[in-house]
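**Q** Input file: upload_36.txt. Contents: compact mmCIF, C-alpha atoms.
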# COMPACT_ATOMS: atom_id res chain seq x y z
CA MET A 12 -28.13 -16.73 57.64
CA SER A 13 -28.97 -19.39 55.01
CA VAL A 14 -27.55 -19.78 51.52
CA LEU A 15 -29.83 -19.21 48.49
CA VAL A 16 -33.11 -20.02 50.28
CA GLY A 17 -34.56 -19.23 53.69
CA ARG A 18 -37.65 -18.05 55.52
CA LYS A 19 -38.11 -15.11 53.11
CA THR A 20 -38.23 -17.39 50.06
CA ARG A 21 -41.55 -17.17 48.17
CA VAL A 22 -41.86 -19.92 45.56
CA VAL A 23 -43.74 -20.10 42.27
CA VAL A 24 -43.96 -23.61 40.79
CA GLN A 25 -43.80 -23.80 36.99
CA GLY A 26 -45.56 -26.97 35.83
CA ILE A 27 -47.51 -27.32 39.09
CA THR A 28 -50.42 -29.26 37.56
CA GLY A 29 -48.20 -32.03 36.16
CA ARG A 30 -47.49 -35.28 38.00
CA ASP A 31 -44.03 -34.28 39.27
CA GLY A 32 -44.93 -30.65 39.89
CA SER A 33 -47.98 -31.55 41.97
CA PHE A 34 -46.18 -34.28 43.95
CA HIS A 35 -43.18 -32.15 44.87
CA THR A 36 -45.29 -29.06 45.58
CA LYS A 37 -46.96 -31.07 48.35
CA GLY A 38 -43.54 -32.14 49.63
CA MET A 39 -42.35 -28.53 49.78
CA LEU A 40 -45.56 -27.40 51.50
CA ASP A 41 -45.29 -30.23 54.06
CA TYR A 42 -41.71 -29.14 54.80
CA GLY A 43 -42.86 -25.58 55.48
CA THR A 44 -41.68 -23.89 52.28
CA ASN A 45 -43.69 -20.79 51.41
CA VAL A 46 -45.17 -21.86 48.05
CA VAL A 47 -47.27 -18.90 46.98
CA ALA A 48 -48.17 -19.64 43.35
CA GLY A 49 -48.18 -22.10 40.50
CA VAL A 50 -48.11 -21.60 36.74
CA SER A 51 -49.81 -23.77 34.13
CA PRO A 52 -51.11 -22.27 30.89
CA GLY A 53 -54.80 -23.06 30.34
CA LYS A 54 -55.42 -23.90 34.02
CA ALA A 55 -55.42 -20.42 35.55
CA GLY A 56 -57.99 -19.94 38.29
CA THR A 57 -57.63 -23.47 39.67
CA ASP A 58 -55.49 -24.50 42.64
CA VAL A 59 -53.17 -27.38 43.55
CA HIS A 60 -52.94 -28.31 47.25
CA GLY A 61 -54.40 -24.89 48.00
CA VAL A 62 -51.81 -23.05 45.89
CA PRO A 63 -53.40 -20.70 43.30
CA VAL A 64 -52.55 -21.35 39.64
CA PHE A 65 -51.84 -18.49 37.22
CA ALA A 66 -51.48 -18.35 33.44
CA SER A 67 -48.00 -16.79 33.47
CA VAL A 68 -45.03 -16.25 35.76
CA GLU A 69 -45.33 -12.49 35.25
CA GLU A 70 -48.88 -12.54 36.66
CA ALA A 71 -47.88 -14.87 39.50
CA VAL A 72 -44.99 -12.60 40.53
CA ARG A 73 -47.15 -9.47 40.30
CA ARG A 74 -49.96 -10.98 42.37
CA THR A 75 -47.98 -12.93 44.99
CA LYS A 76 -44.52 -11.26 45.18
CA ALA A 77 -42.83 -14.60 44.39
CA ASN A 78 -39.01 -14.28 44.30
CA THR A 79 -38.02 -17.87 43.53
CA SER A 80 -39.13 -20.25 40.77
CA VAL A 81 -38.84 -24.03 40.60
CA ILE A 82 -39.34 -25.69 37.21
CA TYR A 83 -40.93 -29.14 36.66
CA VAL A 84 -41.61 -28.57 32.96
CA PRO A 85 -40.81 -31.31 30.36
CA ALA A 86 -37.40 -30.97 28.66
CA PRO A 87 -38.61 -29.62 25.26
CA TYR A 88 -40.22 -26.60 27.03
CA ALA A 89 -37.92 -26.17 30.04
CA ALA A 90 -35.58 -23.59 28.46
CA ASP A 91 -38.58 -21.38 27.63
CA ALA A 92 -39.75 -21.77 31.23
CA VAL A 93 -36.38 -20.44 32.47
CA TYR A 94 -36.60 -17.48 30.07
CA GLU A 95 -40.12 -16.72 31.30
CA ALA A 96 -39.09 -16.76 34.97
CA ILE A 97 -36.08 -14.50 34.36
CA ASP A 98 -38.06 -12.05 32.22
CA ALA A 99 -40.70 -11.87 34.97
CA GLY A 100 -38.05 -10.58 37.38
CA VAL A 101 -37.56 -13.72 39.50
CA ALA A 102 -34.27 -13.55 41.45
CA PHE A 103 -33.59 -17.28 41.83
CA VAL A 104 -34.56 -20.04 39.37
CA VAL A 105 -34.23 -23.75 40.20
CA CYS A 106 -34.56 -26.01 37.15
CA ILE A 107 -35.18 -29.65 38.10
CA THR A 108 -35.84 -30.86 34.54
CA GLU A 109 -33.49 -33.48 33.10
CA GLY A 110 -32.63 -33.94 29.43
CA ILE A 111 -32.55 -30.32 28.25
CA PRO A 112 -30.40 -30.15 25.07
CA VAL A 113 -26.94 -28.66 25.59
CA ARG A 114 -27.55 -26.09 22.87
CA ASP A 115 -30.66 -24.85 24.71
CA MET A 116 -28.71 -24.57 27.97
CA ILE A 117 -25.92 -22.58 26.33
CA SER A 118 -28.48 -20.00 25.18
CA VAL A 119 -30.08 -19.96 28.63
CA TRP A 120 -26.67 -19.47 30.30
CA HIS A 121 -25.89 -16.47 28.10
CA HIS A 122 -29.32 -14.98 28.82
CA VAL A 123 -28.71 -15.32 32.58
CA GLN A 124 -25.29 -13.63 32.27
CA THR A 125 -26.73 -10.76 30.21
CA GLU A 126 -29.55 -10.20 32.68
CA GLN A 127 -27.12 -10.21 35.62
CA VAL A 128 -25.15 -7.41 33.98
CA ARG A 129 -28.35 -5.47 33.27
CA ARG A 130 -29.71 -5.79 36.82
CA GLY A 131 -26.34 -5.20 38.47
CA ASP A 132 -27.23 -6.98 41.73
CA GLY A 133 -26.01 -10.53 41.01
CA THR A 134 -29.47 -11.77 40.03
CA PRO A 135 -30.93 -13.79 38.49
CA ARG A 136 -29.18 -16.92 39.69
CA LEU A 137 -29.93 -20.23 37.97
CA LEU A 138 -29.50 -23.58 39.74
CA GLY A 139 -29.45 -26.60 37.43
CA ALA A 140 -30.72 -27.86 35.15
CA ASN A 141 -30.96 -31.56 35.98
CA CYS A 142 -30.52 -30.93 39.70
CA PRO A 143 -32.34 -31.92 42.92
CA GLY A 144 -32.61 -28.31 44.14
CA VAL A 145 -31.55 -26.71 47.41
CA ILE A 146 -32.52 -26.99 51.07
CA SER A 147 -31.70 -24.98 54.18
CA PRO A 148 -32.82 -27.45 56.86
CA GLY A 149 -35.60 -26.15 59.10
CA ARG A 150 -36.10 -23.08 56.88
CA SER A 151 -36.95 -23.84 53.27
CA LYS A 152 -36.74 -26.56 50.63
CA VAL A 153 -36.97 -25.84 46.90
CA GLY A 154 -36.82 -28.96 44.74
CA ILE A 155 -37.05 -32.70 45.26
CA MET A 156 -34.71 -33.37 48.20
CA PRO A 157 -36.20 -35.58 50.97
CA GLY A 158 -36.59 -33.16 53.86
CA HIS A 159 -36.77 -35.71 56.68
CA ILE A 160 -33.10 -36.78 56.41
CA HIS A 161 -31.80 -33.23 56.86
CA LYS A 162 -31.00 -31.59 60.17
CA PRO A 163 -30.17 -27.92 60.89
CA GLY A 164 -26.49 -27.39 61.59
CA ARG A 165 -23.27 -25.79 60.36
CA VAL A 166 -21.98 -28.06 57.57
CA GLY A 167 -22.58 -26.93 53.98
CA LEU A 168 -22.85 -29.43 51.15
CA VAL A 169 -22.53 -29.01 47.37
CA SER A 170 -22.87 -31.88 44.93
CA ARG A 171 -23.14 -32.79 41.26
CA SER A 172 -25.03 -35.96 42.19
CA GLY A 173 -28.54 -35.98 43.62
CA THR A 174 -28.73 -39.46 45.13
CA LEU A 175 -25.20 -39.23 46.57
CA THR A 176 -26.30 -35.99 48.22
CA TYR A 177 -29.08 -37.86 50.02
CA GLU A 178 -26.76 -40.68 51.08
CA VAL A 179 -24.11 -38.33 52.49
CA VAL A 180 -26.66 -36.06 54.19
CA ASP A 181 -28.23 -39.08 55.90
CA GLN A 182 -24.81 -40.17 57.18
CA LEU A 183 -23.98 -36.65 58.41
CA THR A 184 -27.31 -36.41 60.23
CA ARG A 185 -26.85 -39.83 61.85
CA ALA A 186 -23.39 -38.70 62.98
CA GLY A 187 -24.91 -35.61 64.63
CA LEU A 188 -23.56 -33.20 61.98
CA GLY A 189 -26.37 -30.90 60.87
CA GLN A 190 -26.35 -28.92 57.64
CA SER A 191 -26.52 -25.17 56.98
CA THR A 192 -27.52 -25.55 53.31
CA CYS A 193 -27.32 -28.41 50.80
CA ILE A 194 -27.01 -27.46 47.12
CA GLY A 195 -27.40 -29.84 44.20
CA ILE A 196 -25.78 -28.09 41.22
CA GLY A 197 -26.60 -30.82 38.68
CA GLY A 198 -24.48 -33.06 36.49
CA ASP A 199 -25.07 -31.63 33.02
CA PRO A 200 -22.19 -30.15 30.98
CA VAL A 201 -23.74 -26.63 31.12
CA ILE A 202 -25.21 -25.52 34.46
CA GLY A 203 -26.18 -22.23 36.03
CA THR A 204 -24.40 -22.53 39.38
CA THR A 205 -20.93 -24.11 39.57
CA PHE A 206 -18.81 -25.47 42.41
CA LEU A 207 -16.99 -22.13 42.51
CA ASP A 208 -20.25 -20.21 42.95
CA ALA A 209 -21.43 -22.50 45.74
CA LEU A 210 -18.06 -22.52 47.52
CA GLN A 211 -17.99 -18.71 47.53
CA LEU A 212 -21.50 -18.64 49.04
CA PHE A 213 -20.41 -20.98 51.83
CA GLU A 214 -17.18 -19.05 52.40
CA ASP A 215 -19.24 -15.88 52.90
CA ASP A 216 -21.78 -17.57 55.19
CA PRO A 217 -21.03 -17.07 58.92
CA GLU A 218 -23.22 -20.07 59.78
CA THR A 219 -21.16 -22.58 57.73
CA ASP A 220 -18.11 -24.01 59.53
CA ALA A 221 -17.15 -26.72 57.01
CA VAL A 222 -18.13 -27.82 53.51
CA VAL A 223 -18.60 -31.24 51.91
CA LEU A 224 -18.02 -31.29 48.14
CA ILE A 225 -19.25 -34.29 46.14
CA GLY A 226 -17.81 -34.44 42.64
CA GLU A 227 -17.75 -37.03 39.91
CA ILE A 228 -15.86 -37.95 36.77
CA GLY A 229 -16.07 -35.79 33.65
CA GLY A 230 -15.05 -32.21 32.93
CA THR A 231 -12.63 -30.15 35.01
CA ASP A 232 -14.98 -28.53 37.55
CA GLU A 233 -13.43 -30.37 40.48
CA GLU A 234 -9.90 -29.33 39.49
CA ALA A 235 -11.06 -25.70 39.29
CA ALA A 236 -12.72 -26.10 42.70
CA ALA A 237 -9.48 -27.43 44.19
CA GLN A 238 -7.58 -24.36 42.97
CA PHE A 239 -10.30 -22.07 44.33
CA ILE A 240 -10.17 -23.78 47.74
CA ARG A 241 -6.38 -23.48 47.90
CA ARG A 242 -6.32 -19.81 46.96
CA ARG A 243 -9.52 -18.34 48.32
CA MET A 244 -11.09 -20.41 51.12
CA ARG A 245 -10.51 -20.40 54.84
CA THR A 246 -13.53 -22.64 55.52
CA PRO A 247 -12.30 -26.28 55.56
CA VAL A 248 -13.55 -28.60 52.81
CA VAL A 249 -13.90 -32.40 52.62
CA ALA A 250 -14.30 -34.00 49.18
CA PHE A 251 -15.52 -37.21 47.58
CA VAL A 252 -15.25 -38.09 43.87
CA ALA A 253 -17.70 -40.59 42.40
CA GLY A 254 -16.89 -42.82 39.44
CA GLN A 255 -13.49 -44.10 40.52
CA ALA A 256 -14.05 -47.42 38.75
CA ALA A 257 -15.63 -45.95 35.60
CA PRO A 258 -14.12 -47.10 32.27
CA PRO A 259 -13.00 -44.33 29.85
CA GLY A 260 -15.54 -43.31 27.20
CA LYS A 261 -18.59 -44.66 29.05
CA ARG A 262 -21.12 -42.18 30.43
CA MET A 263 -22.00 -42.86 34.07
CA GLY A 264 -25.45 -41.50 34.94
CA HIS A 265 -25.15 -37.80 34.06
CA ALA A 266 -24.56 -36.22 30.68
CA GLY A 267 -21.38 -34.65 32.07
CA ALA A 268 -20.08 -37.78 33.78
CA ILE A 269 -17.83 -39.16 31.07
CA ILE A 270 -14.05 -39.50 30.74
CA SER A 271 -13.07 -38.24 27.30
CA GLY A 272 -9.66 -37.68 25.74
CA GLY A 273 -7.98 -38.93 28.92
CA GLN A 274 -9.35 -35.98 30.91
CA GLY A 275 -11.82 -35.88 33.78
CA THR A 276 -10.67 -39.04 35.56
CA ALA A 277 -11.34 -39.60 39.24
CA ALA A 278 -7.59 -39.99 39.89
CA GLU A 279 -6.86 -36.53 38.43
CA LYS A 280 -9.57 -34.92 40.53
CA ILE A 281 -8.51 -36.66 43.75
CA ALA A 282 -4.88 -35.63 43.14
CA ALA A 283 -5.98 -32.01 42.61
CA PHE A 284 -7.90 -31.96 45.90
CA ARG A 285 -5.06 -33.54 47.84
CA ALA A 286 -2.59 -31.06 46.36
CA ALA A 287 -4.85 -28.29 47.67
CA GLY A 288 -4.82 -29.82 51.17
CA VAL A 289 -8.40 -31.14 50.93
CA PRO A 290 -9.05 -34.51 52.64
CA VAL A 291 -10.67 -36.92 50.16
CA ALA A 292 -12.92 -39.77 51.30
CA ALA A 293 -12.39 -43.13 49.57
CA ILE A 294 -16.05 -44.05 50.18
CA PRO A 295 -19.01 -41.87 51.29
CA SER A 296 -19.17 -43.42 54.77
CA GLU A 297 -15.75 -41.88 55.58
CA ILE A 298 -17.07 -38.34 55.14
CA PRO A 299 -18.54 -37.71 58.65
CA ALA A 300 -15.26 -38.66 60.36
CA LEU A 301 -13.26 -36.40 58.03
CA VAL A 302 -15.68 -33.52 58.69
CA ARG A 303 -15.15 -33.96 62.44
CA GLN A 304 -11.38 -33.86 61.91
CA VAL A 305 -11.41 -30.62 59.91
CA LEU A 306 -13.81 -29.02 62.40
CA ALA A 307 -11.48 -29.97 65.25
CA GLY A 308 -8.53 -28.53 63.31
CA ARG A 309 -10.48 -25.33 62.63
CA SER A 310 -11.30 -24.78 66.33
CA LYS A 311 -7.64 -25.39 67.31
CA GLY A 312 -6.49 -22.91 64.67
CA ALA A 313 -8.99 -20.34 65.93
CA ALA A 314 -7.71 -20.76 69.50
CA LYS A 315 -4.12 -20.23 68.35
CA THR A 316 -5.09 -17.14 66.38
CA LYS A 317 -6.81 -15.65 69.42
CA ALA A 318 -3.78 -16.29 71.63
CA LYS A 319 -1.25 -14.79 69.20
CA PRO A 320 -1.76 -11.03 69.73
CA ALA A 321 -0.84 -11.22 73.45
CA LYS A 322 2.74 -12.42 72.79
CA PRO A 323 4.15 -9.53 70.73
CA ARG A 324 2.91 -6.94 73.22
CA LYS A 325 4.76 -8.54 76.12
CA SER A 326 7.99 -9.13 74.22
CA ALA A 327 7.91 -5.61 72.80
CA SER A 328 7.44 -3.92 76.16
CA LYS A 329 10.22 -5.75 78.00
CA PRO A 330 13.17 -4.72 75.83
CA LYS A 331 11.88 -1.16 75.84
CA ALA A 332 11.99 -0.99 79.64
CA LYS A 333 15.43 -2.60 79.76
CA GLY A 334 16.73 -0.16 77.18
CA LYS A 335 15.55 2.81 79.23
CA ALA A 336 17.15 1.46 82.39
CA LYS A 337 20.44 0.85 80.60
CA SER A 338 20.53 4.32 79.07
CA LYS A 339 19.79 5.89 82.44
CA ALA A 340 22.57 3.90 84.05
CA LYS A 341 24.94 4.82 81.25
CA SER A 342 24.23 8.54 81.50
CA LYS A 343 24.79 8.42 85.26
CA SER A 344 28.14 6.67 84.84
CA ASN A 345 29.25 9.22 82.23
CA ARG A 346 28.65 12.16 84.53
CA LYS A 347 31.89 13.70 85.89
CA PRO A 348 32.09 13.78 89.69
CA LYS A 349 32.05 17.25 91.17
CA SER A 350 35.47 18.36 92.47
CA SER A 351 36.05 19.20 96.11
CA ALA A 352 36.92 22.78 95.04
CA SER A 353 33.48 23.33 93.61
CA LYS A 354 31.93 21.98 96.77
CA ARG A 355 33.84 24.52 98.85
CA ARG A 356 32.62 27.35 96.64
Could you quickly redo this structure as C-alpha cells?
**A**
Amino acid sequence: MSVLVGRKTRVVVQGITGRDGSFHTKGMLDYGTNVVAGVSPGKAGTDVHGVPVFASVEEAVRRTKANTSVIYVPAPYAADAVYEAIDAGVAFVVCITEGIPVRDMISVWHHVQTEQVRRGDGTPRLLGANCPGVISPGRSKVGIMPGHIHKPGRVGLVSRSGTLTYEVVDQLTRAGLGQSTCIGIGGDPVIGTTFLDALQLFEDDPETDAVVLIGEIGGTDEEAAAQFIRRRMRTPVVAFVAGQAAPPGKRMGHAGAIISGGQGTAAEKIAAFRAAGVPVAAIPSEIPALVRQVLAGRSKGAAKTKAKPAKPRKSASKPKAKGKAKSKAKSKSNRKPKSSASKRR
C-alpha cells in the first residue's frame, strides 16, 4: 500500500502547455506515472508528449476519469486552478506553484475544509502550495521530485523543504534504505497538508516501518508534530531541523521560514523532538544511521512483544496445580481415621 499516490493514480496536469508544466509532465511520464490529461484554456484539442489537452478540468475528469491534479499555473491564477480542480471532483490536488498570496491560500484552505465536510470521505486533499509534490518509488510520481534518486522500500519521508528532501533521499538510497512514500508539504505559512496529516498517513500504512521528518525554522508545526509523535505514533521517527544558524527576523528561503517574536527557533523545535523521544540529526548525513538504529530498536521491541504472552500462561498454570495438590493433601489429613470398632461391624 502506498500513501497518497500509487498505481491507480490518474493525473491531470493544469498548465501543461507552459514551460514548467510541459517539462515536468515528461518527467512524470518517463517515471511511469499515469498522466491521462492536461488542461490549458484556448489549447484544447492539442496534445503535449502524447497527453490530450482539454479546455477545463471538469471536461478532463469526465473524459479520462482523472482523480489527481497537479498544478503548474502562475501564482496570480493558481488559487483559481485549485478551486477548479476541487469543483470538478478531483480527490487529490498537488499545487507546485510558489508565491501564492497568503490571503488567497486562506480562502483555498477554507474551501477545501468545506468540501471535505460536504463529501464526507476525507477528500479533497490539497498538498502544497509551494511544494515539490509526492512520490511512491516504483509506483507513481506527481510533481517535480527527481525520480532516479528514489528507491522502493519501507521508510517514509515528510519535509517542508524540497531540496533537503532530495539530499536526504539520496543519502537513504545510497545507504540501502528505500522509501515507501516521500511527501513534500511545502514551506508556506498556509498549506493544505501538515506534518500531522502526513504522520497519520504513515502511521496507518503497513508498508512504512520508520519515518524521517525534515523541519525548519518558523512557526510551530514541528512542536505540534513532536506532541503528536509522543501521544499517537508507534512508528519510530527520526528528525532534522534546518536553519539552526539562522538569525532572528531574517527569512530563510521559504515564506514560513522566519523566526519572529522569539518563536520558531531551531533550538525550540529540537528540544520538543528530543522531549518526545525522537532522535534528531545534527546534519543531514547523520539521518541514515539514526534510521537504522530506530529500525533495529523496533524489531527488538516486536520480538519482545511476541515473546510476552507465553510467560503469564506458564506462571498462571503452575500455582493453580500446586494449590489443587495442597488442598487435596489437606483434606486427606483432616479426615478422621476409622475406628477399629467400625471395622469389626
**Q** Of the candidates A:Arg18, A:Arg243, A:Lys54, A:Lys37, which shows the shortest atom-to-atom distance to Asn78 in chain A, using only C-alpha atoms?
**A**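 Once distances to Asn78 in chain A are computed over only C-alpha atoms, the minimum belongs to A:Arg18.
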**Q** If we count all atoms listed in the file, what is near Thr176 in chain A at a cut-off of 12 Å, once residues fewer than 5 positions away on the same chain are taken out, given as an MDAnalysis selection string?
**A** chainID A and resid 142:146 155:157 160:161 167:171 181:183 190 192:197 223:227 251 253 295 298
**Q** If we count only C-alpha atoms and set the cut-off at 9 Å, which residues sit around Ala287 in chain A, ignoring sequence neighbours fewer than 6 positions away in its own chain? Please answer as a compact mmCIF listing (two decimals) with C-alpha atoms, in the coordinates of the input.
**A**
# COMPACT_ATOMS: atom_id res chain seq x y z
CA ALA A 237 -9.48 -27.43 44.19
CA GLN A 238 -7.58 -24.36 42.97
CA PHE A 239 -10.30 -22.07 44.33
CA ILE A 240 -10.17 -23.78 47.74
CA ARG A 241 -6.38 -23.48 47.90
CA ARG A 242 -6.32 -19.81 46.96
**Q** Go through A:Ala102, A:Val81, A:Ala55, A:Ile281 and flag the residue nearest Asp132 in chain A, using all atoms listed in the file for the distances.
**A** A:Ala102
**Q** Return the single residue from A:Ala209, A:Val22, A:Ala90, A:Ala278 that is closest to Ala71 in chain A, with distances computed using all atoms listed in the file.
**A**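 Closest candidate: A:Val22.
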**Q** Enter the distance from CA of Gln127 in chain A to CA of Val64 in chain A, in Å, rounded to one decimal.
**A**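 Between CA of Gln127 in chain A and CA of Val64 in chain A the gap works out to 28.1 Å.
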**Q** One number please: CA of Ala99 in chain A to CA of Gly17 in chain A, in Å, one decimal.
**A**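 Atom-to-atom, CA of Ala99 in chain A and CA of Gly17 in chain A are spaced 21.0 Å apart.
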**Q** Counting all atoms listed in the file, find the residues whose atoms lie at most 8 Å from (-39.1, -25.9, 57.5) (file coordinates) and write them out as a count of residues only.
**A** 8
**Q** How many Å separate CA of Arg114 in chain A from CA of Gly131 in chain A?
**A**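 We find that CA of Arg114 in chain A and CA of Gly131 in chain A lie 26.1 Å from each other.
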**Q** Which residues are close to Thr36 in chain A, i.e. within 8 Å by only C-alpha atoms, leaving aside same-chain residues fewer than 5 positions away? Reply as a PyMOL selection string.
**A** chain A and resi 24+27+46+60
**Q** My list of candidates is A:Gly38, A:Pro85, A:Gly158, A:Pro217. Which is closest to Val14 in chain A when distances are computed with all atoms listed in the file?
**A**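 Of the candidates, the smallest distance to Val14 in chain A is held by A:Pro217.
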**Q** Please determine, counting all atoms listed in the file, which residue among A:Val305, A:Ala292, A:Leu40, A:Val119 has the shortest atom-to-atom distance to Ile97 in chain A.
**A**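 Of A:Val305, A:Ala292, A:Leu40, A:Val119, the one nearest Ile97 in chain A, counting all atoms listed in the file, is A:Val119.
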**Q** Kindly indicate which residue among A:Ala221, A:Ala257, A:Lys19, A:Val50 lies nearest to Gln304 in chain A, using all atoms listed in the file for the distances.
**A** A:Ala221
